[in-house]
Amino acid sequence: MKGLSFIKEKIYKYENLGYRAQRTVKFYLGRIFLYFILIELAFLFILPFIYIFTTALKSSADYLDPTIKWIPTSVNWDNFTKAFKALNYFVAFKQSAIIAVVSCLGQIIACGITGYGLGRYKFKGRNLLFGFVLLALLIPPQTIILSSYGIYATFKQIDSFVPVLLPAILGHGLRGALFVLIFMYFFQRIPDAMADAARIDGAGPIRLFVQIMLPLVKSAIIIVGIFSFVWHWNDNYEAKMYLTKPGNMTLQPRLESINNYYSNAVYGAGAPTGADKALTEPILFAGCLLVLLPVLIVYIVGQKHLAAGIERIGVIE
């Protein structure tokens with residue numbers, strides 16, 4: 001009863017506060033609740049990275065010790081050296097960088113041109129082409145991988161960059177249809193008066209696109225560029241399917257072989273046992289950090305532009 005009377009007393013005092021005081025209390029209570037939710041969400045996203053980092057610093061003994069969860073007894077930087085060697089990092093990094101950068105630039109150019117054509121021009125068959133773009137977005141790539149592999153195998157392009165880079169350069173590739181829709185959405189929001197004024201001044205189609213339209217959709221270029229780079233860098237499907245030779249493998253497929261690499265080196269040839277994998281698990285987490293590092297750098301550098309682009313999506317002043 002004392003607790004209930006205390007609550008009633010607080011409610012009575014609040015009801016008798018002035019309007020400004022009530023507004024101030026509501027503001028601070030709302031802020032506290034908002035920051036609490038944001039901190040909880042941030043913790044959920046950051047927790048996996050904390051776990052990966054702390055595990056990468058553990059020795060095998062610390063990793064197998066159930067009493068040690070977050071803080072290792074000693075920092076074992078040698079895990080990164082071993083992971084660097086197992087990944088053949090410089091070679092695999094070069095392969096991943098070529099695929100990610102070339103695919104990113106190719107999709108920006110090809111998807112930008114396609115989105116511009118679908119978003120700014122009305123022509124016969126436009127709706128049909130738009131339907132094909134939606135169909136390409138909805139069809140899972142796993143359903144056409146056999147036919148695609150057969151085509152590239154016929155032309156003897158397996159274990160080359162062609163099966164991965166050619167679709168991206170032609171406006172398809174990973175999430176290419178989504179990028180076309182993003183560019184199309186941005187170009188549709190540009191007022192027709194700007195294009196008409198440029199044509200009156202003598203601008204042709206190419207000059208209109210390059211000098212007038214593209215600068216107005218910088219947000220779309222940044223969004224597509226970051227997403228394309230990250231998705232191609234993290235791709236573990238097409239790269240693993242088409243690039244099978246050790247010298248052509250990217251970082252993602254090599255990440256899966258770290259356990260086998262050190263299990264075979266330490267415990268002999270053959271399939272590694274569960275205990276072997278457990279002993280090499282910290283090295284695997286160190287390899288994960290080495291693979292994630294370029295992606296984190298891209299996000300850190302482009303986070304402001306990415307957030308601004310998403311915030312202003314479709315709004316062109």
# chains A, B, ... in the order shown; residues from 1 in each chain; ligands from 1
>>> select_by_dssp(residues="stretch 5-174 of chain A", states="helix (DSSP H, G or I)", output="ChimeraX atom specification")
/A:5-15,19-56,60-64,78-87,89-120,126-138,141-143,145-154,162-169
>>> residues_around(residues="A:Ile113", least_positions_apart="3", cutoff="10 Å", atoms="only C-alpha atoms", output="list in words")
Gln107, Ile108, Ile109, Ala110, Tyr116, Gly117, Leu118, Gly119, Gly171, Val180, Phe183, Met184, Phe209, Val210 and Leu214 of chain A
>>> atom_distance(atom1="atom CA of A:Val298", atom2="atom CA of A:Ile226")
7.3 Å
>>> atom_distance(atom1="atom CA of A:Asn88", atom2="atom CA of A:Ile158")
21.3 Å
>>> closest_residue(among="A:Phe49, A:Tyr121, A:Tyr149, A:Trp231", to="A:Phe187", atoms="only C-alpha atoms")
A:Tyr121
>>> residues_around(residues="A:Glu281", least_positions_apart="6", cutoff="9 Å", atoms="only C-alpha atoms", output="PyMOL selection string")
chain A and resi 55-56+60+63+258-259
>>> atom_distance(atom1="atom CA of A:Ala220", atom2="atom CA of A:Ile99")
21.0 Å
>>> closest_residue(among="A:Asp159, A:Thr154, A:Leu137, A:Ile98", to="A:Lys245", atoms="only C-alpha atoms")
A:Asp159
>>> residues_around(residues="A:Ala195", least_positions_apart="3", cutoff="12 Å", atoms="only C-alpha atoms", output="list in words")
Arg120, Tyr121, Phe187, Gln188, Arg189, Ile190, Pro191, Asp192, Ala198, Arg199, Ile200, Asp201, Gly202, Ala203, Gly204, Pro205, Arg207, Leu208, Phe209, Val210, Gln211, Ile212, Met213, Leu214 and Leu216 of chain A
>>> residues_around(residues="A:Cys288", least_positions_apart="6", cutoff="12 Å", atoms="only C-alpha atoms", output="PDB file with N, CA and C atoms, in the first residue's frame")
ATOM      1  N   PRO A  48      28.558  -9.585 -32.059  1.00  0.00           N
ATOM      2  CA  PRO A  48      29.310 -10.577 -32.849  1.00  0.00           C
ATOM      3  C   PRO A  48      30.745 -10.145 -33.141  1.00  0.00           C
ATOM      4  N   PHE A  49      30.962  -8.848 -33.415  1.00  0.00           N
ATOM      5  CA  PHE A  49      32.322  -8.369 -33.689  1.00  0.00           C
ATOM      6  C   PHE A  49      33.199  -8.468 -32.439  1.00  0.00           C
ATOM      7  N   TYR A  51      32.827 -10.655 -30.065  1.00  0.00           N
ATOM      8  CA  TYR A  51      33.116 -12.089 -29.873  1.00  0.00           C
ATOM      9  C   TYR A  51      34.201 -12.558 -30.845  1.00  0.00           C
ATOM     10  N   ILE A  52      34.119 -12.142 -32.107  1.00  0.00           N
ATOM     11  CA  ILE A  52      35.124 -12.535 -33.092  1.00  0.00           C
ATOM     12  C   ILE A  52      36.498 -12.007 -32.686  1.00  0.00           C
ATOM     13  N   PHE A  53      36.562 -10.746 -32.264  1.00  0.00           N
ATOM     14  CA  PHE A  53      37.849 -10.136 -31.915  1.00  0.00           C
ATOM     15  C   PHE A  53      38.461 -10.811 -30.693  1.00  0.00           C
ATOM     16  N   THR A  55      37.856 -13.801 -29.499  1.00  0.00           N
ATOM     17  CA  THR A  55      38.213 -15.189 -29.811  1.00  0.00           C
ATOM     18  C   THR A  55      39.477 -15.259 -30.643  1.00  0.00           C
ATOM     19  N   ALA A  56      39.660 -14.290 -31.557  1.00  0.00           N
ATOM     20  CA  ALA A  56      40.859 -14.272 -32.393  1.00  0.00           C
ATOM     21  C   ALA A  56      42.125 -14.059 -31.573  1.00  0.00           C
ATOM     22  N   ASN A  79      47.876 -15.757 -33.969  1.00  0.00           N
ATOM     23  CA  ASN A  79      46.736 -16.250 -34.751  1.00  0.00           C
ATOM     24  C   ASN A  79      46.584 -15.488 -36.062  1.00  0.00           C
ATOM     25  N   PHE A  80      46.841 -14.183 -36.032  1.00  0.00           N
ATOM     26  CA  PHE A  80      46.715 -13.381 -37.250  1.00  0.00           C
ATOM     27  C   PHE A  80      47.815 -13.732 -38.244  1.00  0.00           C
ATOM     28  N   ALA A  83      46.741 -17.046 -39.767  1.00  0.00           N
ATOM     29  CA  ALA A  83      45.616 -16.850 -40.681  1.00  0.00           C
ATOM     30  C   ALA A  83      46.072 -16.162 -41.967  1.00  0.00           C
ATOM     31  N   PHE A  84      46.979 -15.190 -41.838  1.00  0.00           N
ATOM     32  CA  PHE A  84      47.527 -14.490 -42.997  1.00  0.00           C
ATOM     33  C   PHE A  84      48.204 -15.479 -43.949  1.00  0.00           C
ATOM     34  N   ALA A  86      47.688 -18.869 -44.030  1.00  0.00           N
ATOM     35  CA  ALA A  86      46.726 -19.855 -44.539  1.00  0.00           C
ATOM     36  C   ALA A  86      45.857 -19.276 -45.642  1.00  0.00           C
ATOM     37  N   LEU A  87      45.529 -17.991 -45.549  1.00  0.00           N
ATOM     38  CA  LEU A  87      44.700 -17.353 -46.575  1.00  0.00           C
ATOM     39  C   LEU A  87      45.482 -17.036 -47.841  1.00  0.00           C
ATOM     40  N   TYR A  89      47.226 -14.336 -48.180  1.00  0.00           N
ATOM     41  CA  TYR A  89      46.416 -13.128 -48.136  1.00  0.00           C
ATOM     42  C   TYR A  89      46.660 -12.190 -49.316  1.00  0.00           C
ATOM     43  N   ASN A 234      32.123 -10.042 -50.393  1.00  0.00           N
ATOM     44  CA  ASN A 234      31.661 -11.116 -49.509  1.00  0.00           C
ATOM     45  C   ASN A 234      31.068 -12.307 -50.258  1.00  0.00           C
ATOM     46  N   LEU A 251      39.212 -14.386 -51.147  1.00  0.00           N
ATOM     47  CA  LEU A 251      39.377 -14.545 -49.696  1.00  0.00           C
ATOM     48  C   LEU A 251      38.256 -15.381 -49.071  1.00  0.00           C
ATOM     49  N   GLN A 252      37.020 -15.181 -49.532  1.00  0.00           N
ATOM     50  CA  GLN A 252      35.905 -15.875 -48.898  1.00  0.00           C
ATOM     51  C   GLN A 252      36.010 -17.394 -48.999  1.00  0.00           C
ATOM     52  N   PRO A 253      36.226 -17.982 -50.183  1.00  0.00           N
ATOM     53  CA  PRO A 253      36.406 -19.446 -50.228  1.00  0.00           C
ATOM     54  C   PRO A 253      37.621 -19.939 -49.448  1.00  0.00           C
ATOM     55  N   ARG A 254      38.697 -19.139 -49.441  1.00  0.00           N
ATOM     56  CA  ARG A 254      39.894 -19.546 -48.700  1.00  0.00           C
ATOM     57  C   ARG A 254      39.649 -19.562 -47.198  1.00  0.00           C
ATOM     58  N   LEU A 255      38.720 -18.762 -46.745  1.00  0.00           N
ATOM     59  CA  LEU A 255      38.423 -18.707 -45.318  1.00  0.00           C
ATOM     60  C   LEU A 255      37.952 -20.066 -44.796  1.00  0.00           C
ATOM     61  N   GLU A 256      37.245 -20.794 -45.653  1.00  0.00           N
ATOM     62  CA  GLU A 256      36.733 -22.099 -45.240  1.00  0.00           C
ATOM     63  C   GLU A 256      37.830 -23.153 -45.101  1.00  0.00           C
ATOM     64  N   SER A 257      38.977 -22.895 -45.710  1.00  0.00           N
ATOM     65  CA  SER A 257      40.040 -23.900 -45.716  1.00  0.00           C
ATOM     66  C   SER A 257      41.060 -23.711 -44.603  1.00  0.00           C
ATOM     67  N   ILE A 258      40.860 -22.727 -43.730  1.00  0.00           N
ATOM     68  CA  ILE A 258      41.846 -22.485 -42.667  1.00  0.00           C
ATOM     69  C   ILE A 258      41.929 -23.675 -41.726  1.00  0.00           C
ATOM     70  N   GLU A 281      40.226 -23.029 -34.214  1.00  0.00           N
ATOM     71  CA  GLU A 281      39.117 -22.074 -34.318  1.00  0.00           C
ATOM     72  C   GLU A 281      39.565 -20.627 -34.101  1.00  0.00           C
ATOM     73  N   PRO A 282      40.426 -20.315 -33.132  1.00  0.00           N
ATOM     74  CA  PRO A 282      40.892 -18.921 -33.002  1.00  0.00           C
ATOM     75  C   PRO A 282      41.575 -18.394 -34.256  1.00  0.00           C
ATOM     76  N   PRO A 294      38.801  -4.819 -45.069  1.00  0.00           N
ATOM     77  CA  PRO A 294      38.518  -3.881 -46.172  1.00  0.00           C
ATOM     78  C   PRO A 294      37.064  -3.411 -46.197  1.00  0.00           C
ATOM     79  N   VAL A 295      36.136  -4.309 -45.871  1.00  0.00           N
ATOM     80  CA  VAL A 295      34.717  -3.926 -45.862  1.00  0.00           C
ATOM     81  C   VAL A 295      34.452  -2.896 -44.780  1.00  0.00           C
ATOM     82  N   LEU A 296      35.049  -3.087 -43.608  1.00  0.00           N
ATOM     83  CA  LEU A 296      34.883  -2.120 -42.523  1.00  0.00           C
ATOM     84  C   LEU A 296      35.447  -0.754 -42.907  1.00  0.00           C
TER      85      LEU A 296
END
>>> closest_residue(among="A:Ala168, A:Leu57, A:Ile300, A:Ile50", to="A:Trp77", atoms="only C-alpha atoms")
A:Leu57
>>> decode(residues="stretch 160-184 of chain A", atoms="N, CA and C atoms", output="mmCIF file, in the first residue's frame")
data_model
loop_
_atom_site.group_PDB
_atom_site.id
_atom_site.type_symbol
_atom_site.label_atom_id
_atom_site.label_comp_id
_atom_site.auth_asym_id
_atom_site.auth_seq_id
_atom_site.Cartn_x
_atom_site.Cartn_y
_atom_site.Cartn_z
ATOM 1 N N SER A 160 38.428 -18.209 -64.717
ATOM 2 C CA SER A 160 38.809 -16.881 -65.177
ATOM 3 C C SER A 160 37.832 -15.874 -64.576
ATOM 4 N N PHE A 161 38.130 -14.589 -64.750
ATOM 5 C CA PHE A 161 37.266 -13.551 -64.207
ATOM 6 C C PHE A 161 36.003 -13.325 -65.034
ATOM 7 N N VAL A 162 35.947 -13.885 -66.225
ATOM 8 C CA VAL A 162 34.844 -13.598 -67.148
ATOM 9 C C VAL A 162 33.482 -13.960 -66.559
ATOM 10 N N PRO A 163 33.265 -15.159 -65.990
ATOM 11 C CA PRO A 163 31.919 -15.480 -65.476
ATOM 12 C C PRO A 163 31.448 -14.562 -64.355
ATOM 13 N N VAL A 164 32.380 -13.949 -63.629
ATOM 14 C CA VAL A 164 31.998 -13.075 -62.523
ATOM 15 C C VAL A 164 31.879 -11.622 -62.968
ATOM 16 N N LEU A 165 32.815 -11.164 -63.806
ATOM 17 C CA LEU A 165 32.862 -9.758 -64.175
ATOM 18 C C LEU A 165 31.938 -9.408 -65.340
ATOM 19 N N LEU A 166 31.795 -10.317 -66.307
ATOM 20 C CA LEU A 166 31.009 -9.996 -67.502
ATOM 21 C C LEU A 166 29.553 -9.640 -67.171
ATOM 22 N N PRO A 167 28.846 -10.427 -66.325
ATOM 23 C CA PRO A 167 27.462 -10.021 -65.996
ATOM 24 C C PRO A 167 27.400 -8.656 -65.310
ATOM 25 N N ALA A 168 28.366 -8.359 -64.434
ATOM 26 C CA ALA A 168 28.351 -7.071 -63.741
ATOM 27 C C ALA A 168 28.595 -5.924 -64.709
ATOM 28 N N ILE A 169 29.518 -6.092 -65.641
ATOM 29 C CA ILE A 169 29.814 -5.041 -66.615
ATOM 30 C C ILE A 169 28.620 -4.800 -67.531
ATOM 31 N N LEU A 170 27.816 -5.831 -67.763
ATOM 32 C CA LEU A 170 26.637 -5.703 -68.622
ATOM 33 C C LEU A 170 25.379 -5.315 -67.845
ATOM 34 N N GLY A 171 25.532 -4.954 -66.572
ATOM 35 C CA GLY A 171 24.393 -4.457 -65.812
ATOM 36 C C GLY A 171 23.636 -5.501 -65.038
ATOM 37 N N HIS A 172 24.191 -6.707 -64.932
ATOM 38 C CA HIS A 172 23.509 -7.755 -64.165
ATOM 39 C C HIS A 172 24.372 -8.082 -62.950
ATOM 40 N N GLY A 173 24.900 -9.273 -62.860
ATOM 41 C CA GLY A 173 25.738 -9.624 -61.720
ATOM 42 C C GLY A 173 24.939 -9.690 -60.434
ATOM 43 N N LEU A 174 25.653 -9.606 -59.309
ATOM 44 C CA LEU A 174 25.000 -9.676 -58.005
ATOM 45 C C LEU A 174 24.135 -8.443 -57.774
ATOM 46 N N ARG A 175 22.838 -8.646 -57.569
ATOM 47 C CA ARG A 175 21.868 -7.582 -57.262
ATOM 48 C C ARG A 175 21.830 -6.502 -58.346
ATOM 49 N N GLY A 176 22.182 -6.853 -59.570
ATOM 50 C CA GLY A 176 22.187 -5.856 -60.637
ATOM 51 C C GLY A 176 20.808 -5.269 -60.889
ATOM 52 N N ALA A 177 19.774 -6.101 -60.840
ATOM 53 C CA ALA A 177 18.413 -5.605 -61.062
ATOM 54 C C ALA A 177 18.005 -4.613 -59.980
ATOM 55 N N LEU A 178 18.416 -4.866 -58.746
ATOM 56 C CA LEU A 178 18.114 -3.931 -57.657
ATOM 57 C C LEU A 178 18.778 -2.579 -57.900
ATOM 58 N N PHE A 179 20.011 -2.592 -58.392
ATOM 59 C CA PHE A 179 20.711 -1.344 -58.660
ATOM 60 C C PHE A 179 20.050 -0.568 -59.799
ATOM 61 N N VAL A 180 19.537 -1.282 -60.799
ATOM 62 C CA VAL A 180 18.806 -0.622 -61.881
ATOM 63 C C VAL A 180 17.577 0.090 -61.331
ATOM 64 N N LEU A 181 16.862 -0.558 -60.427
ATOM 65 C CA LEU A 181 15.665 0.046 -59.832
ATOM 66 C C LEU A 181 16.024 1.267 -58.983
ATOM 67 N N ILE A 182 17.157 1.201 -58.277
ATOM 68 C CA ILE A 182 17.583 2.359 -57.473
ATOM 69 C C ILE A 182 17.874 3.556 -58.368
ATOM 70 N N PHE A 183 18.645 3.340 -59.444
ATOM 71 C CA PHE A 183 18.930 4.438 -60.366
ATOM 72 C C PHE A 183 17.651 4.936 -61.033
ATOM 73 N N MET A 184 16.791 4.023 -61.418
ATOM 74 C CA MET A 184 15.532 4.403 -62.063
ATOM 75 C C MET A 184 14.700 5.287 -61.146
#
